[in-house]
$ cat data-v6.cif   # mmCIF, C-alpha atoms
data_target
loop_
_atom_site.label_atom_id
_atom_site.label_comp_id
_atom_site.auth_asym_id
_atom_site.auth_seq_id
_atom_site.Cartn_x
_atom_site.Cartn_y
_atom_site.Cartn_z
CA MET A 11 21.18 39.53 7.68
CA ILE A 12 19.99 37.93 10.88
CA GLN A 13 16.46 39.26 10.15
CA HIS A 14 16.16 37.52 6.78
CA PRO A 15 13.24 35.01 6.95
CA ALA A 16 15.36 32.05 5.87
CA VAL A 17 18.09 33.01 8.34
CA ILE A 18 15.52 33.21 11.14
CA ALA A 19 14.18 29.78 10.18
CA LEU A 20 17.67 28.27 10.11
CA THR A 21 18.63 29.84 13.43
CA ALA A 22 15.43 28.80 15.18
CA SER A 23 15.62 25.23 13.89
CA SER A 24 19.31 24.91 14.84
CA VAL A 25 18.61 26.07 18.38
CA ALA A 26 15.63 23.72 18.72
CA VAL A 27 17.54 20.73 17.32
CA SER A 28 20.57 21.48 19.50
CA LEU A 29 18.48 21.65 22.67
CA MET A 30 16.69 18.44 21.77
CA LEU A 31 19.93 16.58 21.09
CA LEU A 32 21.52 17.86 24.30
CA TYR A 33 18.56 16.57 26.26
CA ALA A 34 18.61 13.28 24.37
CA GLY A 35 22.36 13.02 24.93
CA TRP A 36 21.89 13.52 28.66
CA TYR A 37 19.21 10.84 28.64
CA GLY A 38 21.49 8.65 26.53
CA MET A 39 24.13 8.75 29.22
CA LYS A 40 21.61 7.22 31.59
CA ILE A 41 20.87 4.54 28.99
CA LEU A 42 24.53 3.67 28.50
CA ARG A 43 25.04 3.51 32.26
CA ASP A 44 21.87 1.91 33.60
CA TRP A 45 20.20 -0.06 30.77
CA GLU A 46 19.54 -3.66 31.84
CA PRO A 47 17.17 -5.37 29.37
CA GLY A 48 16.64 -8.42 31.58
CA SER A 49 15.76 -6.40 34.64
CA GLY A 50 12.25 -5.69 35.86
CA SER A 51 13.31 -2.84 38.12
CA GLU A 52 11.37 0.38 38.34
CA ARG A 53 14.27 2.33 36.84
CA GLN A 54 14.46 -0.02 33.83
CA LEU A 55 10.74 0.34 33.23
CA TRP A 56 11.10 4.13 33.41
CA LEU A 57 13.94 4.04 30.89
CA GLU A 58 11.95 1.87 28.51
CA ARG A 59 8.95 4.19 28.64
CA ARG A 60 11.07 7.26 28.03
CA THR A 61 13.25 5.88 25.26
CA TYR A 62 10.42 5.54 22.74
CA LEU A 63 9.35 9.17 23.21
CA VAL A 64 12.91 10.50 23.11
CA SER A 65 13.82 8.47 20.02
CA THR A 66 10.72 9.71 18.20
CA LEU A 67 11.45 13.35 19.00
CA VAL A 68 15.12 12.98 18.04
CA GLY A 69 14.07 11.35 14.77
CA TYR A 70 11.97 14.38 13.81
CA ALA A 71 14.72 16.74 14.94
CA LEU A 72 17.30 14.99 12.75
CA VAL A 73 15.01 15.15 9.72
CA PHE A 74 14.97 18.93 10.19
CA GLN A 75 18.74 18.84 10.60
CA ILE A 76 19.13 17.10 7.25
CA LEU A 77 16.78 19.51 5.50
CA SER A 78 18.63 22.47 7.02
CA LEU A 79 21.66 21.65 4.86
CA LEU A 80 19.71 22.34 1.66
CA LEU A 81 18.10 25.42 3.20
CA TYR A 82 21.52 26.72 4.26
CA ILE A 83 22.92 26.37 0.74
CA TYR A 84 19.76 27.89 -0.76
CA THR A 85 19.92 30.84 1.64
CA ALA A 86 23.59 31.46 0.88
CA ASP A 87 22.76 31.50 -2.81
CA GLU A 88 19.83 33.87 -2.27
CA LEU A 89 21.98 36.32 -0.31
CA HIS A 90 24.83 36.53 -2.83
CA SER A 91 23.32 39.53 -4.64
CA LEU A 92 23.77 41.61 -1.48
CA PHE A 93 27.57 41.38 -1.52
CA THR A 94 29.97 43.04 -3.91
CA GLY A 95 31.93 40.44 -5.83
CA ALA A 96 29.70 37.45 -5.08
CA MET A 97 28.12 35.60 -8.00
CA CYS A 98 26.64 32.63 -6.13
CA ALA A 99 26.65 30.92 -2.74
CA ALA A 100 30.44 30.55 -2.93
CA GLY A 101 30.89 34.30 -2.47
CA THR A 102 28.38 34.48 0.38
CA LEU A 103 30.05 31.65 2.28
CA ASN A 104 33.42 33.33 1.78
CA ALA A 105 32.17 36.69 3.07
CA ASP A 106 32.77 35.51 6.62
CA GLY A 107 35.25 33.05 8.07
CA TYR A 108 32.44 30.93 9.53
CA GLY A 109 30.64 30.17 6.25
CA TYR A 110 32.55 27.18 4.97
CA PRO A 111 33.23 25.59 8.40
CA THR A 112 29.47 25.70 9.01
CA LEU A 113 28.85 24.02 5.66
CA ALA A 114 31.39 21.29 6.43
CA LEU A 115 29.78 20.57 9.80
CA LYS A 116 26.32 20.55 8.23
CA VAL A 117 27.43 17.93 5.71
CA ALA A 118 29.01 15.82 8.47
CA GLY A 119 25.91 16.26 10.65
CA CYS A 120 23.65 15.31 7.75
CA ILE A 121 25.50 12.04 7.16
CA LEU A 122 25.64 11.15 10.86
CA ALA A 123 21.96 12.04 11.26
CA GLY A 124 21.03 9.80 8.35
CA VAL A 125 23.00 6.87 9.77
CA TRP A 126 21.39 7.43 13.19
CA LEU A 127 17.93 7.33 11.63
CA VAL A 128 18.83 4.04 9.92
CA ILE A 129 20.03 2.51 13.19
CA ASN A 130 16.99 3.81 15.06
CA HIS A 131 14.67 2.33 12.45
CA ALA A 132 16.39 -1.04 12.78
CA ASP A 133 16.17 -0.81 16.59
CA THR A 134 12.41 -0.41 16.42
CA ARG A 135 12.17 -3.68 14.48
CA GLY A 136 13.45 -5.63 17.51
CA TYR A 137 11.24 -6.30 20.50
CA ASP A 138 14.10 -5.94 23.02
CA TYR A 139 15.68 -2.64 21.88
CA PRO A 140 18.82 -4.48 20.62
CA LEU A 141 20.57 -1.37 19.25
CA ILE A 142 19.64 1.14 21.91
CA LYS A 143 23.16 1.53 23.29
CA VAL A 144 24.62 1.79 19.79
CA LYS A 145 22.30 4.58 18.72
CA TYR A 146 22.77 6.60 21.91
CA ALA A 147 26.54 6.21 21.65
CA LEU A 148 26.29 7.61 18.10
CA LEU A 149 24.05 10.38 19.40
CA ALA A 150 26.78 11.35 21.86
CA LEU A 151 29.04 11.91 18.84
CA LEU A 152 26.39 13.69 16.79
CA ALA A 153 25.17 16.13 19.46
CA PRO A 154 28.45 18.12 19.77
CA VAL A 155 28.67 18.37 15.96
CA VAL A 156 25.18 19.86 15.76
CA VAL A 157 25.73 22.25 18.68
CA VAL A 158 29.03 23.57 17.30
CA GLU A 159 27.47 23.89 13.86
CA ALA A 160 24.56 25.91 15.29
CA TYR A 161 27.02 28.24 17.01
CA LEU A 162 29.12 28.74 13.88
CA GLN A 163 26.00 29.29 11.80
CA PHE A 164 24.85 32.03 14.16
CA LYS A 165 28.29 33.66 14.05
CA PHE A 166 28.24 33.47 10.26
CA PHE A 167 24.87 35.09 9.71
CA SER A 168 25.27 37.67 12.48
CA GLY A 169 28.58 38.77 10.99
CA LEU A 170 27.27 39.39 7.48
CA LYS A 171 27.00 43.05 6.52
CA GLY A 172 25.71 44.56 3.32
CA ASP A 173 28.91 46.52 2.69
CA LEU A 174 31.15 43.46 2.65
CA ILE A 175 33.33 42.78 -0.39
CA THR A 176 33.92 39.12 -1.12
CA SER A 177 35.54 36.97 -3.80
CA CYS A 178 33.74 35.51 -6.79
CA CYS A 179 33.55 31.77 -7.30
CA GLY A 180 35.94 31.98 -10.23
CA SER A 181 38.79 33.01 -7.97
CA LEU A 182 37.76 30.81 -5.02
CA PHE A 183 37.69 27.62 -7.09
CA SER A 184 40.76 28.32 -9.17
CA SER A 185 43.66 25.94 -9.58
CA ASP A 186 45.97 28.86 -8.79
CA ARG A 187 44.38 29.54 -5.40
CA PRO A 188 46.05 27.89 -2.40
CA GLY A 189 43.82 25.76 -0.21
CA ILE A 190 41.51 22.77 -0.46
CA ALA A 191 39.19 24.32 -3.06
CA GLY A 192 42.10 25.25 -5.31
CA ASP A 193 43.71 21.83 -4.89
CA ILE A 194 40.52 20.02 -5.91
CA ALA A 195 39.89 22.39 -8.83
CA GLY A 196 43.46 21.80 -9.98
CA LEU A 197 43.09 18.01 -10.22
CA PRO A 198 43.46 16.74 -13.83
CA PRO A 199 39.92 16.55 -15.31
CA GLY A 200 40.63 13.44 -17.36
CA ALA A 201 42.21 11.52 -14.51
CA MET A 202 39.36 12.42 -12.17
CA LEU A 203 36.78 11.21 -14.70
CA TYR A 204 38.52 7.85 -15.00
CA ALA A 205 38.86 7.62 -11.21
CA PHE A 206 35.19 8.42 -10.65
CA TYR A 207 33.88 5.89 -13.15
CA ALA A 208 36.29 3.24 -11.84
CA VAL A 209 35.10 3.72 -8.26
CA ALA A 210 31.48 3.88 -9.43
CA ALA A 211 31.88 0.56 -11.30
CA MET A 212 33.38 -1.14 -8.23
CA THR A 213 30.64 0.28 -6.01
CA PHE A 214 27.85 -0.91 -8.31
CA ILE A 215 29.36 -4.40 -8.55
CA ALA A 216 29.81 -4.67 -4.78
CA GLY A 217 26.33 -3.24 -4.25
CA LEU A 218 24.68 -5.73 -6.59
CA VAL A 219 26.49 -8.64 -4.91
CA PHE A 220 25.38 -7.40 -1.49
CA TYR A 221 21.83 -6.74 -2.72
CA MET A 222 21.40 -10.20 -4.26
CA GLU A 223 23.52 -12.41 -2.01
CA GLY A 224 23.99 -10.46 1.22
CA ARG A 225 27.79 -10.73 1.01
CA GLY A 226 30.40 -7.98 1.18
CA GLY A 227 28.47 -5.45 3.25
CA TYR A 228 31.53 -3.79 4.73
CA LEU A 229 33.20 -3.51 1.31
CA PHE A 230 30.08 -1.96 -0.22
CA SER A 231 29.80 0.51 2.65
CA LEU A 232 33.45 1.53 2.28
CA LEU A 233 33.12 1.94 -1.48
CA SER A 234 29.95 4.01 -0.98
CA ALA A 235 31.88 6.44 1.21
CA ILE A 236 34.77 6.58 -1.28
CA LEU A 237 32.36 7.18 -4.17
CA PHE A 238 30.80 10.08 -2.26
CA LEU A 239 34.22 11.74 -1.98
CA ALA A 240 35.19 10.84 -5.55
CA GLY A 241 31.90 12.18 -6.87
CA ALA A 242 32.28 15.49 -5.05
CA ALA A 243 35.88 15.88 -6.21
CA ALA A 244 35.09 14.91 -9.81
CA LEU A 245 32.14 17.30 -9.85
CA ILE A 246 34.40 20.23 -8.97
CA SER A 247 37.41 19.28 -11.07
CA SER A 248 35.68 17.83 -14.14
CA PHE A 249 31.90 17.64 -14.40
CA CYS A 250 31.29 21.32 -13.65
CA LEU A 251 33.30 22.22 -16.75
CA TYR A 252 30.69 20.49 -18.92
CA PHE A 253 27.79 22.23 -17.19
CA TYR A 254 29.35 25.66 -17.67
CA GLU A 255 31.11 24.84 -20.95
CA LEU A 256 34.11 26.74 -19.70
CA PRO A 257 37.57 25.22 -19.15
CA THR A 258 38.30 27.19 -15.97
CA HIS A 259 34.95 27.41 -14.13
CA HIS A 260 34.99 24.83 -11.32
CA CYS A 261 32.40 26.34 -8.94
CA PRO A 262 30.13 23.69 -7.35
CA PHE A 263 27.48 26.28 -6.43
CA CYS A 264 26.57 27.95 -9.73
CA ILE A 265 24.87 24.72 -10.86
CA LEU A 266 22.31 25.38 -8.13
CA GLN A 267 21.00 28.32 -10.09
CA ARG A 268 18.12 28.59 -12.54
CA GLU A 269 20.17 28.82 -15.74
CA TYR A 270 21.49 25.32 -15.08
CA GLY A 271 18.10 23.88 -14.23
CA TYR A 272 18.87 23.72 -10.50
CA ALA A 273 20.79 20.53 -11.35
CA GLY A 274 23.04 20.97 -8.33
CA TYR A 275 20.24 20.17 -5.89
CA ALA A 276 19.57 16.82 -7.59
CA LEU A 277 23.29 16.02 -7.74
CA TYR A 278 23.98 16.82 -4.10
CA ALA A 279 20.83 15.10 -2.87
CA ALA A 280 21.86 11.99 -4.82
CA LEU A 281 25.38 12.02 -3.37
CA LEU A 282 24.13 12.49 0.18
CA GLY A 283 21.41 9.87 -0.23
CA GLY A 284 23.95 7.42 -1.59
CA VAL A 285 26.47 7.84 1.19
CA VAL A 286 23.85 7.72 3.96
CA ALA A 287 22.18 4.59 2.60
CA GLY A 288 25.50 2.90 1.82
CA THR A 289 27.18 3.63 5.14
CA GLY A 290 23.93 2.93 6.96
CA ALA A 291 23.87 -0.57 5.49
CA GLY A 292 27.44 -1.09 6.71
CA ALA A 293 26.61 0.25 10.17
CA LEU A 294 24.03 -2.50 10.55
CA MET A 295 26.44 -5.34 9.74
CA PRO A 296 27.29 -6.14 13.41
CA SER A 297 23.58 -6.51 14.22
CA ARG A 298 22.77 -9.09 11.53
CA LYS A 299 23.13 -11.93 14.04
CA LYS A 300 21.15 -10.37 16.88
CA GLY A 301 18.25 -12.63 17.77
CA SER A 302 15.37 -10.20 17.37
CA LEU A 303 16.84 -8.71 14.17
CA LEU A 304 17.77 -11.87 12.28
CA LYS A 305 15.10 -11.26 9.63
CA ALA A 306 14.63 -7.51 9.86
CA VAL A 307 18.22 -6.32 9.38
CA PRO A 308 19.07 -8.26 6.19
CA ALA A 309 15.85 -7.05 4.60
CA LEU A 310 16.55 -3.47 5.66
CA GLN A 311 20.13 -3.68 4.39
CA ARG A 312 18.85 -4.90 1.05
CA ARG A 313 16.58 -1.86 0.75
CA LEU A 314 19.41 0.45 1.79
CA ALA A 315 21.75 -1.07 -0.79
CA GLY A 316 19.10 -0.59 -3.46
CA ALA A 317 18.55 3.02 -2.39
CA ALA A 318 22.29 3.76 -2.42
CA LEU A 319 22.71 2.25 -5.88
CA LEU A 320 19.72 4.19 -7.17
CA CYS A 321 21.04 7.48 -5.78
CA TYR A 322 24.50 6.99 -7.23
CA LEU A 323 22.97 5.89 -10.53
CA VAL A 324 20.97 9.14 -10.69
CA PHE A 325 24.14 11.16 -10.04
CA THR A 326 26.09 9.21 -12.67
CA LEU A 327 23.35 9.50 -15.29
CA ILE A 328 22.96 13.26 -14.82
CA VAL A 329 26.66 14.08 -15.14
CA THR A 330 27.17 11.58 -17.97
CA TYR A 331 24.20 12.94 -19.92
CA ARG A 332 25.59 16.45 -19.52
CA MET A 333 28.98 15.34 -20.81
CA LEU A 334 27.48 13.62 -23.85
CA SER A 335 24.94 16.34 -24.68
CA THR A 336 27.36 19.25 -25.00
CA PRO A 337 29.98 19.80 -27.71
CA PHE A 338 32.37 21.06 -25.06
CA THR A 339 35.35 18.87 -24.18
CA ALA A 340 37.69 19.21 -21.22
CA GLY A 341 40.62 17.75 -23.09
CA VAL A 342 39.85 14.18 -22.01
#
$ encode --input "data-v6.cif" --output "structure tokens"
Amino acid sequence: MIQHPAVIALTASSVAVSLMLLYAGWYGMKILRDWEPGSGSERQLWLERRTYLVSTLVGYALVFQILSLLLYIYTADELHSLFTGAMCAAGTLNADGYGYPTLALKVAGCILAGVWLVINHADTRGYDYPLIKVKYALLALLAPVVVVEAYLQFKFFSGLKGDLITSCCGSLFSSDRPGIAGDIAGLPPGAMLYAFYAVAAMTFIAGLVFYMEGRGGYLFSLLSAILFLAGAAALISSFCLYFYELPTHHCPFCILQREYGYAGYALYAALLGGVVAGTGAGALMPSRKKGSLLKAVPALQRRLAGAALLCYLVFTLIVTYRMLSTPFTAGV
């Protein structure tokens, strides 16, 4: 499997991004230790010249890191036909013990990368690099995640063999199966629908208040993160049933396929966009009073709040339309 074109692309990009972040992390340590914005020393001037180049390169690297999540899921779905028992990406990821841990780290890395890009963008709006230590401290957290994820991804793809027998998504996401997937699939569909719409309503209210008045940024950011988790859980336990029109099919990967209009890609992109924009707006709250960012940050937070609300609205409209457009009911 390691010679599959998509696998080669994923492996090469992961190695390149990992090397770039390790270098940037090493440079970031120098920033955290030696950065003195009021100094005119030769070392400070050297750091200032280097930081713009490094930040630009890291920004491009993290964009590739975010896109690699979608490519990873797409590749897993493409490979499922090669394994006995697999019906979608769920079976491929279960064919090796590294599949799902890699996916989890990719999701975490995607969110952290998005927040880093938000902070970096805000930093460039100030003339005195006001957030430089913040973004390199976050990079120190992000770099190990990306490196470990690249290693697990390589172990996953290199361990895949054509003669492997794996489980189908119906058994993996079954309420009778022990584990996280089974626990989420076993959540009461009706209760999860009510919980999702309740959290969504609170998030939209908090988001509108923050968008219009600039108040409650931390609350909106927290609710955005909770809605991301509630949306993912509700999708598996409840919304998927309406897409498949089956009372026991909870797989979150089959909706990525053609017969369901590739709806899964729009749903997951909306969830990820919502949580990145929402938490990114919250991450900028401490910098609202920094001198060089007094005007830039509130305006940026307003755009982020609008983007988060739009993303979550797209997710909510898609799943709600599907619920209302099918005669199937999940006993709600």
$ atom_distance --input "data-v6.cif" --atom1 "CA of Ala210 in chain A" --atom2 "CA of Leu237 in chain A"
6.3 Å
$ axis_aligned_box --input "data-v6.cif" --around "range 290-298 of chain A" --padding-each-side "8 Å" --output "AutoDock Vina command-line options"
--center_x 25.1 --center_y -3.1 --center_z 9.9 --size_x 20.7 --size_y 28.0 --size_z 24.7
$ residues_around --input "data-v6.cif" --residues "Glu255 in chain A" --least-positions-apart "6" --cutoff "12 Å" --atoms "only C-alpha atoms" --output "ChimeraX atom specification"
/A:248-249,265,270,332-333,335-340
$ closest_residue --input "data-v6.cif" --among "A:Ile328, A:Met212, A:Val117, A:Leu152" --to "Ala276 in chain A" --atoms "all atoms listed in the file"
A:Ile328
$ residues_around --input "data-v6.cif" --residues "Lys145 in chain A" --least-positions-apart "2" --cutoff "8 Å" --atoms "only C-alpha atoms" --output "JSON, numbers by chain"
{"A": [126, 129, 130, 141, 142, 143, 147, 148, 149]}
$ residues_around --input "data-v6.cif" --residues "Val307 in chain A" --least-positions-apart "4" --cutoff "7 Å" --atoms "only C-alpha atoms" --output "list in words"
Ala132, Arg298, Leu303 and Gln311 of chain A
$ resolve_selection --input "data-v6.cif" --expression "the PyMOL selection byres ((chain A and resi 313) around 12)" --output "VMD selection string"
chain A and resid 128 217 to 218 220 to 222 224 287 to 288 290 to 291 306 to 312 314 to 320
$ closest_residue --input "data-v6.cif" --among "A:Leu103, A:Gly192, A:Phe325, A:Leu127" --to "His259 in chain A" --atoms "only C-alpha atoms"
A:Gly192
$ closest_residue --input "data-v6.cif" --among "A:Ala150, A:Ala211, A:Leu256, A:Ala100" --to "Lys40 in chain A" --atoms "only C-alpha atoms"
A:Ala150
$ closest_residue --input "data-v6.cif" --among "A:Thr289, A:Tyr331, A:Thr213, A:Leu203" --to "Phe253 in chain A" --atoms "all atoms listed in the file"
A:Tyr331
$ atom_distance --input "data-v6.cif" --atom1 "CA of Ala244 in chain A" --atom2 "CA of Thr326 in chain A"
11.0 Å
$ resolve_selection --input "data-v6.cif" --expression "the PyMOL selection byres ((chain A and resi 277) around 10)" --output "list in words"
Gly241, Ala242, Leu245, Ile265, Leu266, Tyr272, Ala273, Gly274, Tyr275, Ala276, Tyr278, Ala279, Ala280, Leu281, Leu282, Gly283, Cys321, Tyr322, Val324, Phe325, Thr326, Leu327, Ile328 and Val329 of chain A
$ residues_around --input "data-v6.cif" --residues "range 59-74 of chain A" --least-positions-apart "6" --cutoff "9 Å" --atoms "all atoms listed in the file" --output "short mmCIF file (atom, residue, chain, number, x, y, z; two decimals) with C-alpha atoms, in the frame of the given file"
data_model
loop_
_atom_site.label_atom_id
_atom_site.label_comp_id
_atom_site.auth_asym_id
_atom_site.auth_seq_id
_atom_site.Cartn_x
_atom_site.Cartn_y
_atom_site.Cartn_z
CA SER A 23 15.62 25.23 13.89
CA SER A 24 19.31 24.91 14.84
CA ALA A 26 15.63 23.72 18.72
CA VAL A 27 17.54 20.73 17.32
CA SER A 28 20.57 21.48 19.50
CA MET A 30 16.69 18.44 21.77
CA LEU A 31 19.93 16.58 21.09
CA TYR A 33 18.56 16.57 26.26
CA ALA A 34 18.61 13.28 24.37
CA TYR A 37 19.21 10.84 28.64
CA GLY A 38 21.49 8.65 26.53
CA ILE A 41 20.87 4.54 28.99
CA GLY A 119 25.91 16.26 10.65
CA CYS A 120 23.65 15.31 7.75
CA ALA A 123 21.96 12.04 11.26
CA GLY A 124 21.03 9.80 8.35
CA TRP A 126 21.39 7.43 13.19
CA LEU A 127 17.93 7.33 11.63
CA ASN A 130 16.99 3.81 15.06
CA THR A 134 12.41 -0.41 16.42
CA ILE A 142 19.64 1.14 21.91
#
$ resolve_selection --input "data-v6.cif" --expression "the PyMOL selection byres ((chain A and resi 81-87) around 10)" --output "ChimeraX atom specification"
/A:14-17,19-20,75-80,88-91,96-103,109,112-113,116,163,167,263-264,266-267,275
$ closest_residue --input "data-v6.cif" --among "A:Ile121, A:Glu269, A:Ile190, A:Pro140" --to "Gly301 in chain A" --atoms "all atoms listed in the file"
A:Pro140
$ atom_distance --input "data-v6.cif" --atom1 "CA of Glu159 in chain A" --atom2 "CA of Leu92 in chain A"
23.7 Å
